[in-house]
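Quick look at entry-v8.csv (CSV, C-alpha atoms):
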```
chain,number,residue,atom,x,y,z
A,306,MET,CA,125.2,167.5,6.0
A,307,SER,CA,122.9,166.6,8.9
A,308,ASP,CA,120.1,168.7,10.3
A,309,PHE,CA,122.1,170.1,13.3
A,310,ASN,CA,119.3,171.7,15.3
A,311,THR,CA,120.1,171.5,19.0
A,312,GLY,CA,116.4,171.1,19.7
A,313,LEU,CA,116.2,167.8,17.9
A,314,PRO,CA,115.8,164.7,20.1
A,315,SER,CA,118.8,162.9,18.4
A,316,ILE,CA,121.1,165.9,18.9
A,317,ARG,CA,119.9,166.3,22.5
A,318,GLN,CA,120.4,162.6,23.3
A,319,ILE,CA,124.0,162.8,22.1
A,320,GLN,CA,124.4,166.0,24.1
A,321,SER,CA,123.3,164.2,27.3
A,322,SER,CA,125.7,161.3,26.5
A,323,ILE,CA,128.5,163.9,26.4
A,324,LYS,CA,127.4,165.5,29.8
A,325,ASP,CA,127.1,162.1,31.5
A,326,LYS,CA,130.3,160.8,30.0
A,327,ARG,CA,128.5,157.6,29.0
A,328,GLU,CA,130.3,154.8,27.3
A,329,VAL,CA,128.8,154.3,23.8
A,330,GLU,CA,129.2,152.0,20.9
A,331,LEU,CA,129.2,153.5,17.4
A,332,LYS,CA,128.6,151.2,14.4
A,333,LEU,CA,129.9,152.7,11.1
A,334,VAL,CA,128.8,151.9,7.6
A,335,THR,CA,132.3,150.3,7.2
A,336,ASN,CA,131.1,147.8,9.8
A,337,ASP,CA,133.7,149.2,12.3
A,338,LEU,CA,132.4,149.2,15.8
A,339,LEU,CA,134.0,152.0,17.8
A,340,MET,CA,133.8,152.3,21.6
A,341,GLY,CA,134.4,155.2,23.9
A,342,LYS,CA,133.0,158.5,25.3
A,343,ILE,CA,131.7,161.3,23.1
A,344,LEU,CA,133.7,164.5,23.6
A,345,TRP,CA,131.7,166.8,21.3
A,346,GLN,CA,129.6,166.9,18.2
A,347,ASP,CA,129.1,169.4,15.4
A,348,SER,CA,127.2,169.3,12.1
A,349,ASN,CA,129.8,167.1,10.3
A,350,CYS,CA,131.3,164.9,13.0
A,351,ILE,CA,131.2,163.2,16.4
A,352,CYS,CA,134.5,163.2,18.4
A,353,LEU,CA,135.0,160.0,20.4
A,354,VAL,CA,137.7,159.4,23.0
A,355,ASP,CA,138.6,155.7,23.3
A,356,GLU,CA,140.1,153.8,26.2
A,357,ASN,CA,143.6,154.9,25.2
A,358,GLU,CA,142.6,158.5,25.4
A,359,GLN,CA,142.9,158.7,21.6
A,360,GLN,CA,140.5,161.2,19.9
A,361,ILE,CA,138.7,159.8,16.8
A,362,LEU,CA,136.9,162.2,14.5
A,363,ILE,CA,133.9,160.3,13.1
A,364,TRP,CA,131.9,161.5,10.1
A,365,ARG,CA,128.2,161.6,10.8
A,366,ARG,CA,127.6,160.5,7.3
A,367,ALA,CA,129.4,157.2,8.1
A,368,ILE,CA,127.4,156.4,11.2
A,369,ALA,CA,124.9,153.6,11.2
A,370,TYR,CA,123.8,153.6,14.8
A,371,LEU,CA,124.8,154.5,18.4
A,372,LYS,CA,123.9,152.7,21.5
A,373,PRO,CA,125.1,152.5,25.2
A,374,LYS,CA,128.1,150.2,25.6
A,375,ALA,CA,126.9,146.7,26.3
B,1198,MET,CA,128.7,168.6,0.3
B,1199,SER,CA,129.9,169.1,3.9
B,1200,ASP,CA,129.3,172.0,6.1
B,1201,PHE,CA,132.6,173.8,5.6
B,1202,ASN,CA,132.5,176.5,8.2
B,1203,THR,CA,135.9,177.2,9.5
B,1204,GLY,CA,134.5,177.9,13.0
B,1205,LEU,CA,133.3,174.3,13.4
B,1206,PRO,CA,135.3,172.1,15.8
B,1207,SER,CA,135.7,169.3,13.2
B,1208,ILE,CA,137.1,171.8,10.6
B,1209,ARG,CA,139.4,173.5,13.2
B,1210,GLN,CA,140.7,170.1,14.4
B,1211,ILE,CA,141.8,169.2,10.9
B,1212,GLN,CA,143.2,172.7,10.5
B,1213,SER,CA,145.4,172.2,13.5
B,1214,SER,CA,146.5,168.7,12.2
B,1215,ILE,CA,147.7,170.6,9.1
B,1216,LYS,CA,149.6,173.2,11.1
B,1217,ASP,CA,151.3,170.7,13.4
B,1218,LYS,CA,152.1,168.3,10.5
B,1219,ARG,CA,150.6,165.5,12.6
B,1220,GLU,CA,150.6,161.9,11.2
B,1221,VAL,CA,147.0,160.7,10.9
B,1222,GLU,CA,145.1,157.6,9.8
B,1223,LEU,CA,142.1,158.0,7.6
B,1224,LYS,CA,139.6,155.2,7.3
B,1225,LEU,CA,137.5,155.3,4.2
B,1226,VAL,CA,134.0,153.8,3.5
B,1227,THR,CA,135.9,151.4,1.1
B,1228,ASN,CA,137.7,150.1,4.2
B,1229,ASP,CA,141.0,151.6,2.9
B,1230,LEU,CA,143.2,152.9,5.7
B,1231,LEU,CA,145.4,155.8,4.5
B,1232,MET,CA,148.2,157.2,6.5
B,1233,GLY,CA,150.1,160.5,6.1
B,1234,LYS,CA,150.0,164.2,6.8
B,1235,ILE,CA,147.1,166.4,5.8
B,1236,LEU,CA,148.3,169.2,3.4
B,1237,TRP,CA,145.0,171.1,3.0
B,1238,GLN,CA,141.2,170.7,3.1
B,1239,ASP,CA,138.4,172.3,1.2
B,1240,SER,CA,134.6,171.6,1.2
B,1241,ASN,CA,134.9,168.6,-1.1
B,1242,CYS,CA,138.2,167.0,-0.2
B,1243,ILE,CA,141.1,166.4,2.2
B,1244,CYS,CA,144.6,166.2,0.6
B,1245,LEU,CA,146.9,163.7,2.2
B,1246,VAL,CA,150.7,163.4,1.7
B,1247,ASP,CA,151.9,159.8,2.3
B,1248,GLU,CA,155.4,158.6,3.2
B,1249,ASN,CA,156.4,158.5,-0.5
B,1250,GLU,CA,155.5,162.3,-0.8
B,1251,GLN,CA,152.6,161.3,-3.0
B,1252,GLN,CA,149.5,163.5,-2.8
B,1253,ILE,CA,146.2,161.7,-2.4
B,1254,LEU,CA,143.0,163.7,-2.9
B,1255,ILE,CA,140.4,162.1,-0.6
B,1256,TRP,CA,136.6,162.8,-1.0
B,1257,ARG,CA,135.1,163.9,2.4
B,1258,ARG,CA,132.0,161.9,1.4
B,1259,ALA,CA,134.1,158.8,1.5
B,1260,ILE,CA,135.7,159.3,4.9
B,1261,ALA,CA,134.5,157.2,7.9
B,1262,TYR,CA,136.9,158.5,10.6
B,1263,LEU,CA,140.2,160.2,11.2
B,1264,LYS,CA,142.6,159.6,14.1
B,1265,PRO,CA,146.2,160.3,15.1
B,1266,LYS,CA,148.5,157.6,13.7
B,1267,ALA,CA,148.9,154.7,16.2
C,1276,MET,CA,126.0,167.2,-5.7
C,1277,SER,CA,129.5,168.4,-5.0
C,1278,ASP,CA,130.6,172.0,-4.4
C,1279,PHE,CA,131.8,172.8,-8.0
C,1280,ASN,CA,133.5,176.1,-7.4
C,1281,THR,CA,136.5,176.4,-9.8
C,1282,GLY,CA,138.3,178.4,-7.1
C,1283,LEU,CA,138.5,175.4,-4.7
C,1284,PRO,CA,141.9,173.6,-4.4
C,1285,SER,CA,140.3,170.2,-5.1
C,1286,ILE,CA,138.7,171.4,-8.3
C,1287,ARG,CA,141.9,173.2,-9.4
C,1288,GLN,CA,144.1,170.2,-8.7
C,1289,ILE,CA,141.9,168.1,-11.0
C,1290,GLN,CA,141.9,170.9,-13.6
C,1291,SER,CA,145.7,170.9,-13.6
C,1292,SER,CA,145.8,167.1,-14.0
C,1293,ILE,CA,143.6,167.6,-17.1
C,1294,LYS,CA,146.0,170.3,-18.5
C,1295,ASP,CA,149.1,168.2,-17.8
C,1296,LYS,CA,147.5,165.0,-19.1
C,1297,ARG,CA,148.8,163.3,-15.9
C,1298,GLU,CA,148.1,159.6,-15.4
C,1299,VAL,CA,145.9,159.1,-12.3
C,1300,GLU,CA,144.4,156.3,-10.3
C,1301,LEU,CA,140.8,156.7,-9.1
C,1302,LYS,CA,139.6,154.4,-6.3
C,1303,LEU,CA,135.8,154.1,-6.2
C,1304,VAL,CA,133.5,153.2,-3.3
C,1305,THR,CA,132.8,149.9,-5.2
C,1306,ASN,CA,136.6,149.2,-4.6
C,1307,ASP,CA,137.2,149.5,-8.4
C,1308,LEU,CA,140.5,151.1,-9.2
C,1309,LEU,CA,140.4,152.9,-12.5
C,1310,MET,CA,143.5,154.3,-14.3
C,1311,GLY,CA,143.9,156.8,-17.1
C,1312,LYS,CA,143.9,160.5,-17.9
C,1313,ILE,CA,141.1,162.9,-16.9
C,1314,LEU,CA,139.5,164.5,-19.9
C,1315,TRP,CA,137.1,166.8,-18.2
C,1316,GLN,CA,135.1,167.3,-15.0
C,1317,ASP,CA,131.7,168.8,-14.2
C,1318,SER,CA,129.6,169.0,-11.0
C,1319,ASN,CA,128.4,165.4,-11.3
C,1320,CYS,CA,131.1,163.5,-13.0
C,1321,ILE,CA,134.8,163.1,-13.9
C,1322,CYS,CA,135.5,161.7,-17.4
C,1323,LEU,CA,138.5,159.4,-17.6
C,1324,VAL,CA,140.2,158.0,-20.8
C,1325,ASP,CA,141.8,154.7,-20.2
C,1326,GLU,CA,144.7,153.1,-22.1
C,1327,ASN,CA,142.3,151.7,-24.7
C,1328,GLU,CA,141.1,155.3,-25.4
C,1329,GLN,CA,137.8,154.3,-23.9
C,1330,GLN,CA,135.9,157.1,-22.1
C,1331,ILE,CA,134.5,156.3,-18.6
C,1332,LEU,CA,132.0,158.6,-17.0
C,1333,ILE,CA,132.6,158.4,-13.2
C,1334,TRP,CA,130.1,159.7,-10.7
C,1335,ARG,CA,131.8,162.1,-8.2
C,1336,ARG,CA,129.6,160.6,-5.5
C,1337,ALA,CA,131.2,157.2,-6.1
C,1338,ILE,CA,134.9,158.4,-5.8
C,1339,ALA,CA,136.9,157.6,-2.7
C,1340,TYR,CA,140.2,159.0,-3.7
C,1341,LEU,CA,142.4,160.2,-6.6
C,1342,LYS,CA,146.2,160.0,-6.8
C,1343,PRO,CA,149.0,160.1,-9.4
C,1344,LYS,CA,149.5,156.7,-11.1
C,1345,ALA,CA,152.1,154.7,-9.1
D,1329,MET,CA,118.9,165.0,5.7
D,1330,SER,CA,115.5,163.5,4.9
D,1331,ASP,CA,112.3,165.2,4.1
D,1332,PHE,CA,110.7,165.3,7.6
D,1333,ASN,CA,107.2,166.5,6.8
D,1334,THR,CA,104.8,164.9,9.2
D,1335,GLY,CA,102.2,164.8,6.4
D,1336,LEU,CA,104.2,162.4,4.4
D,1337,PRO,CA,102.9,158.7,4.3
D,1338,SER,CA,106.4,157.4,5.3
D,1339,ILE,CA,106.6,159.6,8.3
D,1340,ARG,CA,103.0,158.9,9.3
D,1341,GLN,CA,103.5,155.2,9.0
D,1342,ILE,CA,106.4,155.3,11.4
D,1343,GLN,CA,104.4,157.5,13.7
D,1344,SER,CA,101.6,155.0,13.8
D,1345,SER,CA,104.2,152.2,14.6
D,1346,ILE,CA,105.2,154.3,17.5
D,1347,LYS,CA,101.7,154.8,18.8
D,1348,ASP,CA,100.8,151.1,18.4
D,1349,LYS,CA,104.1,149.9,19.9
D,1350,ARG,CA,104.5,147.6,17.0
D,1351,GLU,CA,107.5,145.3,16.8
D,1352,VAL,CA,109.6,146.1,13.7
D,1353,GLU,CA,112.6,145.0,11.8
D,1354,LEU,CA,115.1,147.6,10.5
D,1355,LYS,CA,117.6,146.5,7.8
D,1356,LEU,CA,120.6,148.8,7.7
D,1357,VAL,CA,123.0,149.5,4.8
D,1358,THR,CA,125.6,147.7,6.9
D,1359,ASN,CA,123.4,144.6,6.6
D,1360,ASP,CA,122.6,144.7,10.3
D,1361,LEU,CA,119.1,143.6,11.1
D,1362,LEU,CA,117.8,145.4,14.2
D,1363,MET,CA,114.5,144.5,16.0
D,1364,GLY,CA,112.4,146.3,18.5
D,1365,LYS,CA,109.8,149.0,19.0
D,1366,ILE,CA,110.3,152.6,17.7
D,1367,LEU,CA,110.3,155.1,20.5
D,1368,TRP,CA,110.6,158.3,18.5
D,1369,GLN,CA,111.8,159.7,15.1
D,1370,ASP,CA,113.3,163.1,14.1
D,1371,SER,CA,114.8,164.3,10.8
D,1372,ASN,CA,118.1,162.6,11.5
D,1373,CYS,CA,117.3,159.4,13.4
D,1374,ILE,CA,114.9,156.7,14.5
D,1375,CYS,CA,115.2,155.6,18.1
D,1376,LEU,CA,114.6,151.9,18.6
D,1377,VAL,CA,114.2,150.0,22.0
D,1378,ASP,CA,115.2,146.4,21.8
D,1379,GLU,CA,114.1,143.5,23.9
D,1380,ASN,CA,116.7,144.4,26.6
D,1381,GLU,CA,115.2,147.8,26.9
D,1382,GLN,CA,118.3,149.3,25.3
D,1383,GLN,CA,117.9,152.4,23.2
D,1384,ILE,CA,119.5,152.4,19.8
D,1385,LEU,CA,119.9,155.7,17.9
D,1386,ILE,CA,119.7,154.8,14.2
D,1387,TRP,CA,120.7,157.2,11.4
D,1388,ARG,CA,118.0,157.5,8.8
D,1389,ARG,CA,120.7,157.7,6.2
D,1390,ALA,CA,121.8,154.2,7.1
D,1391,ILE,CA,118.3,152.6,6.8
D,1392,ALA,CA,117.5,150.3,3.9
D,1393,TYR,CA,114.0,149.2,4.9
D,1394,LEU,CA,111.6,148.8,7.8
D,1395,LYS,CA,108.9,146.1,8.1
D,1396,PRO,CA,106.7,144.5,10.8
D,1397,LYS,CA,108.6,141.8,12.8
D,1398,ALA,CA,108.1,138.5,11.1
E,391,MET,CA,119.7,164.7,-6.1
E,392,SER,CA,122.1,165.3,-8.9
E,393,ASP,CA,122.7,168.6,-10.7
E,394,PHE,CA,120.4,168.0,-13.7
E,395,ASN,CA,121.4,170.9,-15.9
E,396,THR,CA,121.1,169.8,-19.6
E,397,GLY,CA,124.1,172.1,-20.4
E,398,LEU,CA,126.5,169.9,-18.3
E,399,PRO,CA,128.9,167.7,-20.2
E,400,SER,CA,127.9,164.6,-18.2
E,401,ILE,CA,124.2,165.1,-18.9
E,402,ARG,CA,124.9,165.9,-22.6
E,403,GLN,CA,127.1,162.8,-23.0
E,404,ILE,CA,124.3,160.6,-21.7
E,405,GLN,CA,121.9,162.4,-24.0
E,406,SER,CA,124.0,161.6,-27.0
E,407,SER,CA,124.2,157.9,-25.9
E,408,ILE,CA,120.4,158.0,-26.0
E,409,LYS,CA,120.2,159.5,-29.5
E,410,ASP,CA,122.8,157.2,-30.9
E,411,LYS,CA,121.3,154.1,-29.2
E,412,ARG,CA,124.8,153.2,-28.0
E,413,GLU,CA,125.3,150.0,-25.9
E,414,VAL,CA,126.6,150.9,-22.5
E,415,GLU,CA,127.8,149.3,-19.3
E,416,LEU,CA,126.7,150.7,-16.0
E,417,LYS,CA,128.5,149.8,-12.9
E,418,LEU,CA,126.5,150.2,-9.7
E,419,VAL,CA,127.7,150.7,-6.1
E,420,THR,CA,126.2,147.3,-5.4
E,421,ASN,CA,128.9,146.0,-7.9
E,422,ASP,CA,126.1,145.0,-10.3
E,423,LEU,CA,127.2,145.5,-13.9
E,424,LEU,CA,124.1,146.3,-16.1
E,425,MET,CA,124.3,146.4,-19.9
E,426,GLY,CA,121.9,147.9,-22.5
E,427,LYS,CA,120.8,151.1,-24.2
E,428,ILE,CA,119.7,154.2,-22.3
E,429,LEU,CA,116.1,155.1,-23.0
E,430,TRP,CA,115.9,158.3,-21.0
E,431,GLN,CA,117.3,160.1,-18.0
E,432,ASP,CA,115.8,162.5,-15.4
E,433,SER,CA,117.2,164.1,-12.3
E,434,ASN,CA,116.7,160.9,-10.2
E,435,CYS,CA,117.1,158.0,-12.6
E,436,ILE,CA,118.5,156.5,-15.8
E,437,CYS,CA,116.2,154.1,-17.6
E,438,LEU,CA,118.1,151.2,-19.3
E,439,VAL,CA,116.6,148.7,-21.8
E,440,ASP,CA,118.5,145.4,-21.7
E,441,GLU,CA,118.8,142.8,-24.4
E,442,ASN,CA,115.4,141.2,-23.3
E,443,GLU,CA,113.7,144.6,-23.9
E,444,GLN,CA,113.2,144.8,-20.2
E,445,GLN,CA,113.2,148.4,-18.8
E,446,ILE,CA,115.4,148.9,-15.7
E,447,LEU,CA,115.0,152.1,-13.7
E,448,ILE,CA,118.4,152.9,-12.2
E,449,TRP,CA,118.9,155.4,-9.4
E,450,ARG,CA,121.6,157.9,-10.2
E,451,ARG,CA,122.7,157.8,-6.6
E,452,ALA,CA,123.6,154.2,-7.1
E,453,ILE,CA,125.8,154.6,-10.2
E,454,ALA,CA,129.6,154.3,-10.0
E,455,TYR,CA,130.5,154.7,-13.7
E,456,LEU,CA,129.2,154.4,-17.2
E,457,LYS,CA,131.2,153.4,-20.3
E,458,PRO,CA,130.6,152.1,-23.8
E,459,LYS,CA,130.0,148.3,-23.9
E,460,ALA,CA,133.3,146.5,-24.3
F,444,MET,CA,116.1,163.6,-0.4
F,445,SER,CA,115.1,162.8,-4.0
F,446,ASP,CA,113.6,165.2,-6.5
F,447,PHE,CA,109.9,164.3,-6.0
F,448,ASN,CA,108.3,166.1,-8.8
F,449,THR,CA,105.3,164.1,-10.1
F,450,GLY,CA,106.0,165.3,-13.6
F,451,LEU,CA,109.4,163.4,-13.7
F,452,PRO,CA,109.5,160.2,-15.9
F,453,SER,CA,110.9,158.2,-13.0
F,454,ILE,CA,108.2,159.2,-10.6
F,455,ARG,CA,105.5,158.7,-13.2
F,456,GLN,CA,106.8,155.2,-14.1
F,457,ILE,CA,106.6,154.2,-10.5
F,458,GLN,CA,103.1,155.8,-10.3
F,459,SER,CA,101.9,153.6,-13.3
F,460,SER,CA,103.4,150.5,-11.6
F,461,ILE,CA,101.2,151.3,-8.7
F,462,LYS,CA,98.0,151.8,-10.8
F,463,ASP,CA,98.7,148.6,-12.8
F,464,LYS,CA,99.6,146.6,-9.7
F,465,ARG,CA,102.6,145.3,-11.6
F,466,GLU,CA,105.0,142.9,-9.8
F,467,VAL,CA,108.4,144.5,-9.5
F,468,GLU,CA,111.9,143.6,-8.3
F,469,LEU,CA,113.8,146.2,-6.2
F,470,LYS,CA,117.5,145.8,-5.8
F,471,LEU,CA,118.9,147.6,-2.7
F,472,VAL,CA,122.4,148.9,-2.0
F,473,THR,CA,122.6,146.1,0.6
F,474,ASN,CA,122.3,143.7,-2.3
F,475,ASP,CA,118.8,142.6,-1.0
F,476,LEU,CA,116.4,141.8,-3.8
F,477,LEU,CA,112.8,142.6,-2.7
F,478,MET,CA,109.8,141.5,-4.8
F,479,GLY,CA,106.2,142.6,-4.7
F,480,LYS,CA,103.8,145.3,-5.7
F,481,ILE,CA,104.3,149.0,-5.0
F,482,LEU,CA,101.5,150.4,-2.8
F,483,TRP,CA,102.6,154.1,-2.7
F,484,GLN,CA,105.6,156.3,-3.0
F,485,ASP,CA,106.6,159.6,-1.3
F,486,SER,CA,109.8,161.7,-1.3
F,487,ASN,CA,111.6,159.5,1.2
F,488,CYS,CA,110.2,156.0,0.6
F,489,ILE,CA,108.6,153.4,-1.6
F,490,CYS,CA,106.1,151.1,0.1
F,491,LEU,CA,106.1,147.5,-1.2
F,492,VAL,CA,103.6,144.7,-0.4
F,493,ASP,CA,105.2,141.3,-0.7
F,494,GLU,CA,103.5,137.9,-1.4
F,495,ASN,CA,102.7,137.5,2.3
F,496,GLU,CA,100.8,140.9,2.2
F,497,GLN,CA,103.5,142.3,4.4
F,498,GLN,CA,104.2,146.0,3.9
F,499,ILE,CA,107.9,147.0,3.5
F,500,LEU,CA,108.9,150.6,3.8
F,501,ILE,CA,112.0,151.0,1.5
F,502,TRP,CA,114.2,154.1,1.7
F,503,ARG,CA,114.7,155.6,-1.8
F,504,ARG,CA,118.3,156.4,-0.8
F,505,ALA,CA,118.9,152.7,-0.5
F,506,ILE,CA,117.5,151.7,-3.9
F,507,ALA,CA,119.9,150.7,-6.7
F,508,TYR,CA,117.4,149.7,-9.4
F,509,LEU,CA,113.8,148.7,-10.0
F,510,LYS,CA,112.5,146.4,-12.8
F,511,PRO,CA,109.5,144.3,-13.7
F,512,LYS,CA,109.5,140.9,-12.0
F,513,ALA,CA,111.3,138.4,-14.2
```

Please express what this file holds, its structure, as structure tokens.
Amino acid sequence: MSDFNTGLPSIRQIQSSIKDKREVELKLVTNDLLMGKILWQDSNCICLVDENEQQILIWRRAIAYLKPKA
Amino acid sequence: MSDFNTGLPSIRQIQSSIKDKREVELKLVTNDLLMGKILWQDSNCICLVDENEQQILIWRRAIAYLKPKA
Amino acid sequence: MSDFNTGLPSIRQIQSSIKDKREVELKLVTNDLLMGKILWQDSNCICLVDENEQQILIWRRAIAYLKPKA
Amino acid sequence: MSDFNTGLPSIRQIQSSIKDKREVELKLVTNDLLMGKILWQDSNCICLVDENEQQILIWRRAIAYLKPKA
Amino acid sequence: MSDFNTGLPSIRQIQSSIKDKREVELKLVTNDLLMGKILWQDSNCICLVDENEQQILIWRRAIAYLKPKA
Amino acid sequence: MSDFNTGLPSIRQIQSSIKDKREVELKLVTNDLLMGKILWQDSNCICLVDENEQQILIWRRAIAYLKPKA
């Protein structure tokens, strides 16, 4: 499990992506590259909404990196 | 081990997939893509029933993402 | 380390595979697919006996999923 | 979660890379090789700025190694 | 870190491989297959001696399975 | 995080590699094979110096095995 302290910069940066409805790219350890907007985060997962309005529940443990959509 | 708090959005979202018997896709870190309905979850595993009524015990640690069946 | 509480459904399901000497398939994160009967489990490992009566000590951390032999 | 004790050599070495704005290479478990300057670190992530001034949030759990840019 | 309780079956089975100087095969998550005799174990690692009398320090976290040499 | 107890054989063996300035090979879960001398270790990382005197900060979590340079 991650350190889910809402005062941490990494948690706050994701929180501001949620508020600003920013498009992001999420690279997973499977090498999948997922794109969309983050809907919410909790200590286990990040919930992404893709362009088809489909919700994808992504395990934090499986995330390699997150960046703004190119 | 995951944070298995039934108040967490990620745990509740899986719980509602179970109640609604929704078809889901589970992508694993092995790059396997499993499809079926979730029967139950606990802190270690998610139990999936596939179209052949076969029960598959999936380790949470090995899950990359979960989404509604396309 | 896993949550090795013998009241958990995932731990009990493996326990009943042991009692019933059911043939199972274990998919590992290495993409190895191991087949056999489970002899015992503890908090670190699952011990599998294959068709050559060889005991294989499998790390829980390396398991992706477990299902009845096809 | 990592051991995020600011007295640890590994944490201090990253902290001095941040202060000196050193260019680094980060190899991930996905085999991605990311290059840039480290902006900040917390217990979950390292934030890298690449040559296009894009911020990349990298999960510590996904890092294999870090070295000065060749 | 693993659960390194010397009363656990998995820890005791490795301990008896050490005493009996049994030849084993260790499959790693990198898909490397290492062969040799186990010299000692602690909570982080298993130390293997290969046929060239070379000591290899193997991270438990990286082990998929262990079995008697075929 | 690893069990970083300086009394553990695995920690002491690395410590004696540091004192003796032994050349080692480190295999990572990415399948990278790094060679050099270990400069220091802490609970998160091992710092390796390669033949170009370049310091590489290696995450313990990403290490598969360590052995003397062949």

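The space between atom CA of D:Gln1383 and atom CA of D:Lys1397 spans 17.5 Å.
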
Residue nearest chain E - candidates C:Leu1314, C:Leu1309, C:Val1304, C:Ala1345, atoms counted: all atoms listed in the file: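 Of C:Leu1314, C:Leu1309, C:Val1304, C:Ala1345, the one nearest chain E is C:Val1304, counting all atoms listed in the file.
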
Proximity check chain C to chain B, 12 Å, nearest pairs one decimal Å, only C-alpha atoms, as a tab-separated table:
```
residue	atom	partner	partner_atom	distance
C:Met1276	CA	B:Met1198	CA	6.7
C:Ser1277	CA	B:Met1198	CA	5.4
C:Asp1278	CA	B:Met1198	CA	6.1
C:Phe1279	CA	B:Asn1241	CA	8.7
C:Asn1280	CA	B:Ser1240	CA	9.8
C:Thr1281	CA	B:Asn1241	CA	11.8
C:Gly1282	CA	B:Asp1239	CA	10.3
C:Leu1283	CA	B:Asp1239	CA	6.7
C:Pro1284	CA	B:Asp1239	CA	6.7
C:Ser1285	CA	B:Cys1242	CA	6.2
C:Ile1286	CA	B:Asn1241	CA	8.6
C:Arg1287	CA	B:Asp1239	CA	11.2
C:Gln1288	CA	B:Leu1254	CA	8.8
C:Ile1289	CA	B:Leu1254	CA	9.3
C:Ser1292	CA	B:Leu1254	CA	11.9
C:Val1299	CA	B:Ile1253	CA	10.2
C:Glu1300	CA	B:Ile1253	CA	9.7
C:Leu1301	CA	B:Leu1254	CA	9.6
C:Lys1302	CA	B:Thr1227	CA	8.8
C:Leu1303	CA	B:Thr1227	CA	7.8
C:Val1304	CA	B:Thr1227	CA	5.3
C:Thr1305	CA	B:Thr1227	CA	7.2
C:Asn1306	CA	B:Thr1227	CA	6.1
C:Asp1307	CA	B:Thr1227	CA	9.8
C:Leu1308	CA	B:Thr1227	CA	11.3
C:Ser1318	CA	B:Asn1241	CA	11.2
C:Arg1335	CA	B:Trp1256	CA	8.7
C:Arg1336	CA	B:Arg1258	CA	7.4
C:Ala1337	CA	B:Ala1259	CA	8.3
C:Ile1338	CA	B:Trp1256	CA	6.7
C:Ala1339	CA	B:Ala1259	CA	5.2
C:Tyr1340	CA	B:Ile1255	CA	4.4
C:Leu1341	CA	B:Leu1254	CA	5.1
C:Lys1342	CA	B:Ile1253	CA	4.7
C:Pro1343	CA	B:Gln1251	CA	7.4
C:Lys1344	CA	B:Gln1251	CA	9.8
C:Ala1345	CA	B:Gln1251	CA	9.0
```

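Atom to atom, atom CA of F:Met478 and atom CA of F:Asp493 stand 6.2 Å apart.
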
Separation of atom CA of F:Val492 from atom CA of F:Ser459, in Å and rounded to one decimal: 15.8 Å
